[in-house]
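*Asks:* My file is target00.csv. It has CSV, C-alpha atoms:
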chain,number,residue,atom,x,y,z
A,1,MET,CA,86.5,103.8,88.2
A,2,SER,CA,87.1,106.8,90.5
A,3,ILE,CA,87.1,107.6,94.2
A,4,LYS,CA,85.1,110.4,95.7
A,5,GLY,CA,84.0,111.5,99.1
A,6,ILE,CA,85.0,112.7,102.6
A,7,ILE,CA,87.0,110.6,105.0
A,8,THR,CA,88.0,111.0,108.7
A,9,LEU,CA,90.8,108.6,109.7
A,10,PRO,CA,91.7,106.9,112.9
A,11,GLY,CA,94.2,108.7,115.2
A,12,ASP,CA,97.8,109.0,114.1
A,13,LYS,CA,99.8,106.0,115.0
A,14,SER,CA,102.9,107.8,116.2
A,15,LEU,CA,100.9,110.2,118.4
A,16,SER,CA,98.8,107.3,119.8
A,17,HIS,CA,101.8,105.4,121.0
A,18,ARG,CA,103.3,108.5,122.7
A,19,ALA,CA,100.0,109.6,124.2
A,20,LEU,CA,99.6,106.2,125.9
A,21,ILE,CA,103.2,106.2,127.1
A,22,PHE,CA,103.2,109.8,128.4
A,23,ALA,CA,99.8,109.4,130.1
A,24,ALA,CA,101.2,106.3,131.8
A,25,MET,CA,104.2,108.3,133.1
A,26,SER,CA,102.0,111.0,134.6
A,27,ASN,CA,100.8,111.0,138.2
A,28,GLY,CA,97.1,111.6,137.3
A,29,GLU,CA,94.3,110.4,135.1
A,30,SER,CA,94.5,111.2,131.3
A,31,GLN,CA,91.8,111.1,128.7
A,32,ILE,CA,92.6,110.4,125.0
A,33,LEU,CA,90.1,110.6,122.2
A,34,ASN,CA,90.4,108.9,118.7
A,35,LEU,CA,93.2,106.7,119.7
A,36,SER,CA,94.5,104.5,116.9
A,37,ASN,CA,92.9,101.0,116.9
A,38,GLY,CA,95.7,99.4,114.9
A,39,SER,CA,97.4,96.4,116.4
A,40,ASP,CA,100.7,98.2,116.8
A,41,VAL,CA,99.1,100.7,119.3
A,42,ILE,CA,97.2,97.8,121.0
A,43,SER,CA,100.7,96.2,121.6
A,44,THR,CA,101.9,99.4,123.4
A,45,ARG,CA,98.7,99.4,125.5
A,46,ASP,CA,99.0,95.8,126.4
A,47,CYS,CA,102.6,96.1,127.4
A,48,LEU,CA,101.9,99.1,129.6
A,49,GLU,CA,99.0,97.2,131.3
A,50,HIS,CA,101.4,94.4,132.1
A,51,CYS,CA,103.6,97.0,133.8
A,52,GLY,CA,100.9,97.9,136.2
A,53,ILE,CA,99.3,100.8,134.4
A,54,GLU,CA,95.4,100.9,134.4
A,55,ILE,CA,93.8,101.6,131.0
A,56,PHE,CA,90.1,101.4,130.2
A,57,ASP,CA,87.7,102.7,127.6
A,58,ASN,CA,84.4,104.6,128.0
A,59,GLY,CA,82.8,105.1,124.6
A,60,HIS,CA,85.3,106.8,122.3
A,61,THR,CA,87.5,108.0,125.2
A,62,THR,CA,90.5,106.0,126.6
A,63,PHE,CA,91.3,106.6,130.3
A,64,ILE,CA,94.8,106.0,131.6
A,65,ARG,CA,95.7,106.2,135.3
A,66,GLY,CA,99.4,106.9,135.4
A,67,GLY,CA,101.9,106.4,138.2
A,68,GLU,CA,103.9,103.5,139.5
A,69,PHE,CA,105.3,101.0,137.1
A,70,THR,CA,105.9,97.4,138.3
A,71,ASP,CA,107.9,94.5,136.9
A,72,PRO,CA,105.8,92.5,134.4
A,73,ILE,CA,105.3,88.9,135.4
A,74,VAL,CA,104.9,87.9,131.7
A,75,ASP,CA,107.0,88.7,128.6
A,76,LEU,CA,106.1,92.0,126.9
A,77,ASN,CA,104.8,90.9,123.5
A,78,CYS,CA,105.4,93.8,121.1
A,79,GLY,CA,103.8,92.0,118.2
A,80,ASN,CA,105.0,93.7,115.0
A,81,SER,CA,105.6,97.1,116.5
A,82,GLY,CA,109.1,98.5,116.4
A,83,THR,CA,107.8,101.7,118.0
A,84,THR,CA,106.5,99.8,121.0
A,85,THR,CA,109.8,97.9,121.5
A,86,ARG,CA,112.1,100.9,121.1
A,87,LEU,CA,110.2,103.5,123.1
A,88,LEU,CA,109.4,101.1,125.9
A,89,LEU,CA,113.0,99.9,126.1
A,90,GLY,CA,113.9,103.5,126.9
A,91,LEU,CA,111.0,104.2,129.2
A,92,LEU,CA,111.3,101.0,131.3
A,93,ALA,CA,115.1,101.4,131.5
A,94,GLY,CA,114.6,104.8,133.0
A,95,LYS,CA,112.0,103.4,135.4
A,96,GLY,CA,114.3,100.7,136.7
A,97,ILE,CA,112.0,97.9,135.5
A,98,ASN,CA,113.0,94.3,134.9
A,99,ALA,CA,111.4,93.0,131.7
A,100,ARG,CA,111.7,90.7,128.8
A,101,PHE,CA,110.6,91.9,125.3
A,102,VAL,CA,109.5,89.5,122.6
A,103,GLY,CA,107.8,90.0,119.2
A,104,ASP,CA,106.6,88.3,116.0
A,105,GLN,CA,109.0,86.8,113.4
A,106,SER,CA,109.3,90.1,111.5
A,107,LEU,CA,110.0,92.3,114.6
A,108,SER,CA,112.5,89.7,115.9
A,109,SER,CA,114.6,90.2,112.8
A,110,ARG,CA,114.9,94.0,113.2
A,111,PRO,CA,117.9,95.7,114.7
A,112,MET,CA,117.6,96.9,118.3
A,113,ASP,CA,121.2,97.5,119.1
A,114,ARG,CA,120.8,101.1,117.8
A,115,ILE,CA,118.7,101.5,121.0
A,116,LEU,CA,120.6,99.1,123.3
A,117,ASN,CA,124.0,100.6,122.6
A,118,PRO,CA,123.2,104.1,123.9
A,119,LEU,CA,121.2,102.7,126.8
A,120,ALA,CA,124.2,100.6,127.7
A,121,GLN,CA,126.3,103.7,127.7
A,122,MET,CA,123.8,105.1,130.2
A,123,GLY,CA,124.4,102.1,132.4
A,124,LEU,CA,121.6,99.7,131.4
A,125,ARG,CA,122.3,96.0,131.8
A,126,SER,CA,120.6,93.9,129.2
A,127,LYS,CA,120.7,90.6,127.3
A,128,SER,CA,119.7,90.2,123.7
A,129,ASN,CA,119.8,87.8,120.7
A,130,ASP,CA,122.8,89.5,119.0
A,131,GLY,CA,121.1,92.9,119.2
A,132,LYS,CA,117.7,91.6,118.3
A,133,LEU,CA,114.6,90.2,120.2
A,134,PRO,CA,114.2,88.6,122.6
A,135,ILE,CA,115.7,91.2,124.9
A,136,SER,CA,115.8,91.2,128.7
A,137,ILE,CA,116.6,94.4,130.6
A,138,PHE,CA,117.6,94.6,134.3
A,139,LYS,CA,117.1,97.3,136.9
A,140,SER,CA,120.1,99.6,136.5
A,141,ASP,CA,121.2,103.0,137.7
A,142,LEU,CA,121.3,105.3,134.6
A,143,ASN,CA,123.4,108.3,134.0
A,144,GLY,CA,123.0,110.9,131.4
A,145,ILE,CA,125.0,110.9,128.2
A,146,SER,CA,125.6,113.0,125.2
A,147,HIS,CA,124.6,111.0,122.1
A,148,ASN,CA,125.1,111.7,118.4
A,149,SER,CA,122.8,109.6,116.2
A,150,LEU,CA,124.1,108.6,112.8
A,151,ILE,CA,120.6,107.4,111.8
A,152,PRO,CA,117.8,110.1,111.7
A,153,SER,CA,115.3,108.1,113.7
A,154,ALA,CA,112.5,109.4,116.0
A,155,GLN,CA,112.5,106.0,117.7
A,156,ILE,CA,116.2,106.2,118.7
A,157,LYS,CA,115.7,109.9,119.8
A,158,SER,CA,112.6,109.1,121.8
A,159,ALA,CA,114.1,106.0,123.5
A,160,ILE,CA,117.1,108.0,124.7
A,161,LEU,CA,114.9,111.0,125.9
A,162,LEU,CA,112.5,108.6,127.8
A,163,ALA,CA,115.5,106.9,129.5
A,164,GLY,CA,116.9,110.4,130.3
A,165,ILE,CA,113.8,111.3,132.3
A,166,GLY,CA,114.8,108.7,134.8
A,167,ALA,CA,118.6,109.1,134.6
A,168,ASP,CA,120.9,111.1,136.9
A,169,GLY,CA,122.2,114.3,135.2
A,170,GLU,CA,121.5,115.6,131.7
A,171,THR,CA,120.9,113.5,128.7
A,172,SER,CA,121.2,114.9,125.2
A,173,THR,CA,120.7,113.5,121.8
A,174,THR,CA,121.7,115.1,118.5
A,175,GLU,CA,120.5,113.9,115.0
A,176,SER,CA,121.9,114.8,111.6
A,177,ILE,CA,118.5,115.4,110.0
A,178,LEU,CA,115.3,116.3,111.9
A,179,SER,CA,113.1,113.2,112.3
A,180,ARG,CA,109.5,113.4,113.4
A,181,ASN,CA,109.4,115.5,116.6
A,182,HIS,CA,106.2,114.4,118.4
A,183,THR,CA,108.1,113.3,121.5
A,184,GLU,CA,109.7,116.7,122.0
A,185,ILE,CA,106.5,118.6,121.4
A,186,MET,CA,104.5,116.4,123.8
A,187,LEU,CA,107.1,116.3,126.5
A,188,LYS,CA,107.4,120.1,126.6
A,189,LYS,CA,103.6,120.4,126.7
A,190,LEU,CA,103.5,118.0,129.7
A,191,GLY,CA,106.1,120.0,131.7
A,192,ALA,CA,109.3,117.9,131.1
A,193,SER,CA,112.6,119.6,131.6
A,194,LEU,CA,113.5,119.5,127.9
A,195,SER,CA,115.3,122.0,125.8
A,196,THR,CA,115.8,122.0,122.0
A,197,ASN,CA,118.7,123.7,120.2
A,198,ASN,CA,118.5,123.1,116.5
A,199,LEU,CA,118.9,119.3,116.1
A,200,LYS,CA,120.0,118.7,119.8
A,201,ASN,CA,117.5,117.8,122.5
A,202,THR,CA,118.5,117.8,126.2
A,203,ILE,CA,116.4,116.4,129.1
A,204,SER,CA,116.8,115.8,132.8
A,205,LYS,CA,114.7,114.2,135.5
A,206,SER,CA,111.1,115.3,135.1
A,207,SER,CA,107.5,114.7,136.3
A,208,LEU,CA,104.8,114.9,133.7
A,209,SER,CA,101.3,116.3,133.9
A,210,SER,CA,98.2,114.4,132.7
A,211,LEU,CA,96.8,114.5,129.1
A,212,ILE,CA,93.4,116.1,129.4
A,213,ASN,CA,90.9,115.4,126.6
A,214,PHE,CA,93.7,114.9,124.1
A,215,ASN,CA,92.1,114.4,120.7
A,216,VAL,CA,94.5,112.4,118.4
A,217,PRO,CA,94.3,113.8,114.8
A,218,GLY,CA,94.1,111.5,111.8
A,219,ASP,CA,97.2,109.7,110.6
A,220,PRO,CA,98.8,111.4,107.6
A,221,SER,CA,100.6,108.2,106.6
A,222,THR,CA,97.3,106.4,106.3
A,223,SER,CA,95.8,109.4,104.4
A,224,SER,CA,98.5,109.1,101.8
A,225,PHE,CA,97.0,105.8,100.4
A,226,PHE,CA,93.7,107.5,99.7
A,227,SER,CA,95.4,110.5,98.3
A,228,THR,CA,97.4,108.3,95.9
A,229,ALA,CA,94.2,106.7,94.7
A,230,ALA,CA,92.6,110.1,94.1
A,231,MET,CA,95.7,111.3,92.1
A,232,LEU,CA,95.9,108.2,89.9
A,233,LEU,CA,92.2,107.5,89.2
A,234,PRO,CA,90.4,109.8,86.7
A,235,ASN,CA,87.6,112.1,87.8
A,236,SER,CA,88.5,111.6,91.5
A,237,SER,CA,88.3,114.0,94.4
A,238,ILE,CA,88.8,113.2,98.1
A,239,THR,CA,88.7,115.4,101.2
A,240,ILE,CA,90.5,114.1,104.3
A,241,GLU,CA,89.4,115.9,107.5
A,242,ASN,CA,91.3,116.6,110.7
A,243,ILE,CA,94.7,115.1,109.9
A,244,LEU,CA,98.0,115.7,111.5
A,245,LEU,CA,100.0,118.3,109.4
A,246,ASN,CA,103.2,118.3,111.4
A,247,PRO,CA,106.0,119.4,109.0
A,248,THR,CA,108.1,116.3,109.9
A,249,ARG,CA,105.2,114.1,108.8
A,250,ILE,CA,104.0,115.5,105.5
A,251,GLY,CA,107.1,114.8,103.4
A,252,PHE,CA,104.9,112.8,101.1
A,253,TYR,CA,102.6,115.7,100.4
A,254,LYS,CA,105.6,118.0,99.8
A,255,ILE,CA,107.0,115.5,97.3
A,256,ILE,CA,103.8,114.9,95.4
A,257,ASN,CA,103.3,118.7,95.2
A,258,LYS,CA,106.6,118.8,93.3
A,259,MET,CA,105.4,116.0,91.1
A,260,GLY,CA,102.4,118.1,90.1
A,261,ALA,CA,99.7,116.8,92.4
A,262,LYS,CA,96.6,119.0,92.7
A,263,LEU,CA,96.0,119.4,96.5
A,264,VAL,CA,94.9,122.1,98.9
A,265,TYR,CA,95.0,122.5,102.7
A,266,PHE,CA,92.3,124.2,104.7
A,267,ASN,CA,90.9,124.6,108.2
A,268,GLU,CA,94.5,124.7,109.6
A,269,LYS,CA,95.1,125.2,113.3
A,270,ILE,CA,97.4,124.4,116.2
A,271,SER,CA,96.2,121.9,118.8
A,272,PHE,CA,98.4,120.7,121.7
A,273,GLY,CA,101.5,122.0,119.9
A,274,GLU,CA,100.7,120.1,116.7
A,275,LYS,CA,99.5,121.5,113.4
A,276,ILE,CA,96.3,119.9,112.1
A,277,GLY,CA,93.9,120.6,109.3
A,278,SER,CA,92.0,119.2,106.3
A,279,LEU,CA,93.2,118.3,102.8
A,280,LYS,CA,91.6,117.9,99.4
A,281,VAL,CA,93.3,115.9,96.6
A,282,VAL,CA,92.0,115.4,93.0
A,283,SER,CA,93.1,113.6,89.9
A,284,SER,CA,96.5,114.8,88.7
A,285,ASN,CA,99.1,114.4,85.9
A,286,LEU,CA,102.4,113.6,87.5
A,287,LYS,CA,106.0,114.1,86.5
A,288,ASN,CA,109.2,112.4,87.7
A,289,ILE,CA,111.3,113.5,90.7
A,290,ASN,CA,114.6,112.7,92.4
A,291,ILE,CA,114.5,111.9,96.1
A,292,SER,CA,117.6,111.8,98.3
A,293,LYS,CA,119.0,111.9,101.9
A,294,THR,CA,117.3,115.1,103.2
A,295,ASP,CA,113.9,114.0,101.9
A,296,ILE,CA,113.9,110.5,103.4
A,297,PRO,CA,113.1,111.0,107.1
A,298,GLY,CA,109.9,112.8,106.3
A,299,LEU,CA,108.4,110.2,104.0
A,300,ILE,CA,110.1,106.9,104.9
A,301,ASP,CA,106.8,105.1,105.4
A,302,GLU,CA,105.3,106.5,102.2
A,303,LEU,CA,108.1,105.5,99.8
A,304,PRO,CA,106.2,102.4,98.6
A,305,LEU,CA,103.5,104.9,97.4
A,306,ILE,CA,106.1,107.1,95.8
A,307,ALA,CA,107.2,104.1,93.8
A,308,LEU,CA,103.6,103.4,92.7
A,309,LEU,CA,103.1,107.0,91.7
A,310,ALA,CA,106.4,107.0,89.8
A,311,THR,CA,105.1,104.1,87.6
A,312,GLN,CA,102.4,106.5,86.4
A,313,ALA,CA,104.5,109.7,86.2
A,314,ASN,CA,106.2,111.0,83.1
A,315,GLY,CA,110.0,110.5,83.2
A,316,ILE,CA,112.5,108.7,85.4
A,317,THR,CA,112.1,108.9,89.2
A,318,GLU,CA,115.1,108.0,91.3
A,319,VAL,CA,115.0,107.3,95.1
A,320,ARG,CA,118.4,107.1,96.9
A,321,ASP,CA,119.7,107.1,100.5
A,322,ALA,CA,116.8,105.0,101.6
A,323,LYS,CA,118.6,101.9,102.8
A,324,GLU,CA,116.6,102.2,106.1
A,325,LEU,CA,113.7,100.8,104.1
A,326,ARG,CA,115.4,97.4,104.2
A,327,TYR,CA,115.0,97.3,108.0
A,328,LYS,CA,111.3,98.1,108.3
A,329,GLU,CA,108.5,95.5,108.8
A,330,CYS,CA,110.1,93.8,105.8
A,331,ASP,CA,112.8,94.6,103.3
A,332,ARG,CA,110.6,97.2,101.6
A,333,ILE,CA,113.0,97.9,98.8
A,334,LYS,CA,112.9,94.3,97.8
A,335,ALA,CA,109.1,94.1,98.3
A,336,ILE,CA,108.4,97.2,96.2
A,337,CYS,CA,110.7,96.1,93.3
A,338,LYS,CA,109.6,92.4,93.1
A,339,ASN,CA,105.9,93.2,93.2
A,340,LEU,CA,106.1,96.1,90.7
A,341,ILE,CA,108.2,94.0,88.3
A,342,ASN,CA,105.5,91.4,88.5
A,343,MET,CA,102.9,94.1,87.6
A,344,GLY,CA,105.0,95.1,84.5
A,345,ALA,CA,106.7,98.2,85.9
A,346,ASN,CA,110.0,99.4,84.6
A,347,ILE,CA,112.0,99.5,87.9
A,348,LYS,CA,115.6,98.8,88.8
A,349,GLU,CA,116.5,97.9,92.4
A,350,LEU,CA,119.4,99.7,94.0
A,351,GLU,CA,121.1,98.9,97.4
A,352,ASP,CA,119.6,102.1,98.8
A,353,GLY,CA,116.5,102.7,96.7
A,354,PHE,CA,115.2,102.2,93.2
A,355,VAL,CA,114.9,103.8,89.7
A,356,ILE,CA,111.6,103.8,87.9
A,357,LYS,CA,110.7,104.9,84.4
A,358,GLY,CA,107.1,105.8,83.7
A,359,PRO,CA,104.4,105.9,82.7
A,360,THR,CA,103.7,102.1,82.5
A,361,LEU,CA,100.4,100.3,82.2
A,362,LEU,CA,100.2,98.0,85.2
A,363,LYS,CA,98.8,94.5,85.0
A,364,ALA,CA,97.2,92.2,87.5
A,365,ALA,CA,99.5,90.0,89.6
A,366,LYS,CA,99.7,88.0,92.7
A,367,ILE,CA,101.2,90.3,95.4
A,368,LYS,CA,103.5,89.1,98.1
A,369,THR,CA,102.8,91.4,101.1
A,370,TYR,CA,105.6,90.0,103.3
A,371,ASN,CA,103.0,90.5,106.0
A,372,ASP,CA,103.8,94.3,105.8
A,373,HIS,CA,100.7,96.5,106.2
A,374,ARG,CA,102.2,99.3,104.0
A,375,ILE,CA,103.1,97.0,101.2
A,376,ALA,CA,99.6,95.4,101.3
A,377,MET,CA,97.8,98.8,101.2
A,378,THR,CA,100.1,100.2,98.5
A,379,PHE,CA,99.4,97.3,96.2
A,380,ALA,CA,95.7,97.4,97.0
A,381,ILE,CA,95.8,100.9,95.5
A,382,ALA,CA,98.0,99.6,92.6
A,383,GLY,CA,95.2,97.1,91.9
A,384,LEU,CA,92.8,100.0,91.3
A,385,VAL,CA,94.9,101.4,88.5
A,386,SER,CA,95.9,98.1,86.9
A,387,ASN,CA,93.9,96.3,84.2
A,388,GLU,CA,92.5,93.9,86.8
A,389,ASP,CA,92.4,93.6,90.6
A,390,VAL,CA,95.5,92.3,92.2
A,391,GLU,CA,95.6,89.3,94.7
A,392,LEU,CA,97.2,90.0,98.0
A,393,ASP,CA,98.6,86.9,99.8
A,394,ASN,CA,97.8,88.4,103.3
A,395,PRO,CA,95.4,91.3,103.2
A,396,ASP,CA,94.7,91.0,106.9
A,397,CYS,CA,98.1,92.5,107.8
A,398,VAL,CA,96.6,96.0,107.2
A,399,SER,CA,95.1,95.6,110.7
A,400,ILE,CA,98.6,96.7,112.1
A,401,SER,CA,97.7,100.3,111.3
A,402,PHE,CA,94.1,100.5,109.9
A,403,PRO,CA,91.8,97.5,110.3
A,404,LYS,CA,89.0,99.2,108.3
A,405,PHE,CA,91.2,100.1,105.3
A,406,PHE,CA,89.4,98.0,102.7
A,407,GLN,CA,85.9,99.0,103.9
A,408,GLU,CA,86.8,102.7,103.6
A,409,LEU,CA,88.3,102.2,100.2
A,410,GLU,CA,85.2,100.4,99.0
A,411,ARG,CA,83.0,103.1,100.4
A,412,LEU,CA,84.8,105.7,98.4
A,413,ARG,CA,84.9,103.8,95.1
A,414,LYS,CA,82.4,105.1,92.4
Show me, as structure tokens, the structure contained in the file I just sent.

*Replies:*
Amino acid sequence: MSIKGIITLPGDKSLSHRALIFAAMSNGESQILNLSNGSDVISTRDCLEHCGIEIFDNGHTTFIRGGEFTDPIVDLNCGNSGTTTRLLLGLLAGKGINARFVGDQSLSSRPMDRILNPLAQMGLRSKSNDGKLPISIFKSDLNGISHNSLIPSAQIKSAILLAGIGADGETSTTESILSRNHTEIMLKKLGASLSTNNLKNTISKSSLSSLINFNVPGDPSTSSFFSTAAMLLPNSSITIENILLNPTRIGFYKIINKMGAKLVYFNEKISFGEKIGSLKVVSSNLKNINISKTDIPGLIDELPLIALLATQANGITEVRDAKELRYKECDRIKAICKNLINMGANIKELEDGFVIKGPTLLKAAKIKTYNDHRIAMTFAIAGLVSNEDVELDNPDCVSISFPKFFQELERLRK
């Protein structure tokens, strides 16, 4: 078996969330093309609509009429989306909105005090379930703060900046390692009073211009699953067109390049401040690698795939300083290790990562997805390189980011 062909992916999930939010904050009508159709982004859209923002579709274009936010008369259901919850907490706090946030069982177990604590320092009054959902926020007068984030997180950074747009005075946030920087790029393009000095961002009250014909490039995190299949399956070659190549988002491709992957970028350009382009990946012989603190923010979502690649690479691969994986849609360190052990991999679980010795012949197994889309997609790819197909306990959870994942994978199989 091999995979061959050309693929164009749905819009990047991170940019889609932000495009909806910033369009809602503007005073005019915005148009967004190729918006992600994953359920996480739909959660953000639904929550904004409940706050009085008008959003509608015409063909492949989504129209947003920004302006005045109103208190929602129902709970804001964020589903499985941590991005929805954390960014909207900052946004609505800055807008002086009264709201109650809820989510599914997985999201309700994830820590939100990392957002609530700095917002409380700004003056937000809130009520939570010991720092977790459900969370109620109450109209409050916010004042700017100077915040140092111990966790490199685009969600924390973005929430504080969004609250800062509505706060009195200047708000600054500094991180220890650069996390994905889409919020800063987009806010500057839309006219926000935002300055960046190395790892520090400072913002003050701002009005935003509309997003005009913003075409969301393909999601590099989604592309990594198809790239992994191309690397691991013999006689494979895949071209992925028009994907986001922001340096903070292609840590996966930087790492696999060091592992010996055969890949090439082409048709590169800058659009709306973001680097985009196309990518070709072919079958590759891989070697081991060590991954540590400075690598993690740029490939946190792709670490399950790094684990799979390590099972087929020559040597011992070690991933450390990735404890944040335990607080994603599920405990991904546990999910990676338990499922790979069941498939016969030589893997040792660590508190902050794992150690894998390869190469190993993987065998068929029943896979526990933990209702996590990235675990499900990773082990669907693992099934292609095992001696038989794997059985996923909940394949439908891929709809969180890419509802047509299995159809596209089948189309590319030869």

*Asks:* Could you state the separation of CA of Thr228 (chain A) and CA of Phe214 (chain A) in Å, given to one decimal place?

*Replies:*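 We find that CA of Thr228 (chain A) and CA of Phe214 (chain A) lie 29.2 Å from each other.
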
*Asks:* Would you mind reading off the distance between CA of Leu89 (chain A) and CA of Cys330 (chain A), one decimal, in Å?

*Replies:*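 Interatomic distance, CA of Leu89 (chain A) to CA of Cys330 (chain A): 21.4 Å.
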
*Asks:* Any idea what the distance is between CA of Ala380 (chain A) and CA of Asp219 (chain A)?

*Replies:* 18.4 Å

*Asks:* Measuring atom to atom with all atoms listed in the file, identify which of A:Pro152, A:Gly191, A:Gly218, A:Gly353 is nearest to Thr294 (chain A).

*Replies:*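 Under the stated criterion, the closest residue is A:Pro152.
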
*Asks:* Which residues, written as a compact mmCIF listing (two decimals) with C-alpha atoms, keeping the file's coordinate frame, have at least one atom at most 8 Å from Met343 (chain A), with all atoms listed in the file counted and residues fewer than 3 positions away on the same chain left out?

*Replies:*
# COMPACT_ATOMS: atom_id res chain seq x y z
CA ASN A 339 105.90 93.20 93.20
CA LEU A 340 106.10 96.10 90.70
CA LEU A 362 100.20 98.00 85.20
CA LYS A 363 98.80 94.50 85.00
CA ALA A 364 97.20 92.20 87.50
CA ALA A 365 99.50 90.00 89.60

*Asks:* Out of A:Asp331, A:Glu268, A:Glu318, A:Asp75, which residue has the shortest atom-to-atom distance to Asn288 (chain A) when counting only C-alpha atoms?

*Replies:* A:Glu318

*Asks:* Leaving out Cys397 (chain A) and any residue of its chain fewer than 3 positions from it, which residues lie within 9 Å of it when counting only C-alpha atoms, given as a JSON list (two decimals) with C-alpha atoms, in the frame of the given file?

*Replies:*
[["chain", "number", "residue", "atom", "x", "y", "z"],
["A", 369, "THR", "CA", 102.80, 91.40, 101.10],
["A", 371, "ASN", "CA", 103.00, 90.50, 106.00],
["A", 372, "ASP", "CA", 103.80, 94.30, 105.80],
["A", 373, "HIS", "CA", 100.70, 96.50, 106.20],
["A", 374, "ARG", "CA", 102.20, 99.30, 104.00],
["A", 376, "ALA", "CA", 99.60, 95.40, 101.30],
["A", 394, "ASN", "CA", 97.80, 88.40, 103.30],
["A", 400, "ILE", "CA", 98.60, 96.70, 112.10],
["A", 401, "SER", "CA", 97.70, 100.30, 111.30],
["A", 403, "PRO", "CA", 91.80, 97.50, 110.30]]

*Asks:* Could you check which of A:Ile367, A:Met112, A:Leu35, A:Leu412 is closest to Thr239 (chain A), using only C-alpha atoms?

*Replies:*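 The answer is A:Leu412, which sits nearest to Thr239 (chain A).
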
*Asks:* Would you kindly return, as a count of residues only, each protein, DNA or RNA residue with an atom no farther than 6 Å from any atom of Lys139 (chain A), considering only C-alpha atoms and excluding same-chain residues fewer than 5 positions away?

*Replies:* 3

*Asks:* Excluding region 300-305 of chain A and any residue of its chain fewer than 5 positions from it, enumerate the residues within 7 Å of it, using only C-alpha atoms, and give them as a list of chain:residue names.

*Replies:*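 Returned residues: A:Ser221, A:Phe252, A:Ile336, A:Ile375, A:Thr378.
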
*Asks:* At a cut-off of 7 Å, using all atoms listed in the file, what residues contact His17 (chain A)? Leave out same-chain residues fewer than 4 positions from it and give the result as JSON, numbers by chain.

*Replies:* {"A": [13, 21, 41, 44]}

*Asks:* Print the selection's residues with C-alpha atoms to a file, as a PDB file, in the frame of the given file.

*Replies:*
ATOM      1  CA  LYS A  13      99.800 106.000 115.000  1.00  0.00           C
ATOM      2  CA  ILE A  21     103.200 106.200 127.100  1.00  0.00           C
ATOM      3  CA  VAL A  41      99.100 100.700 119.300  1.00  0.00           C
ATOM      4  CA  THR A  44     101.900  99.400 123.400  1.00  0.00           C
TER       5      THR A  44
END

*Asks:* Give the answer as one residue: which of A:Ser39, A:Ser176, A:Gln121, A:Ser206 has the shortest atom-to-atom distance to Lys95 (chain A), using all atoms listed in the file?

*Replies:*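 With all atoms listed in the file as the atom set, the closest residue is A:Ser206.
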
*Asks:* Between A:Ile270, A:Leu325, A:Ile55, A:Met25, which residue has the minimum interatomic distance to Arg110 (chain A), considering all atoms listed in the file?

*Replies:*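 Nearest to Arg110 (chain A): A:Leu325.
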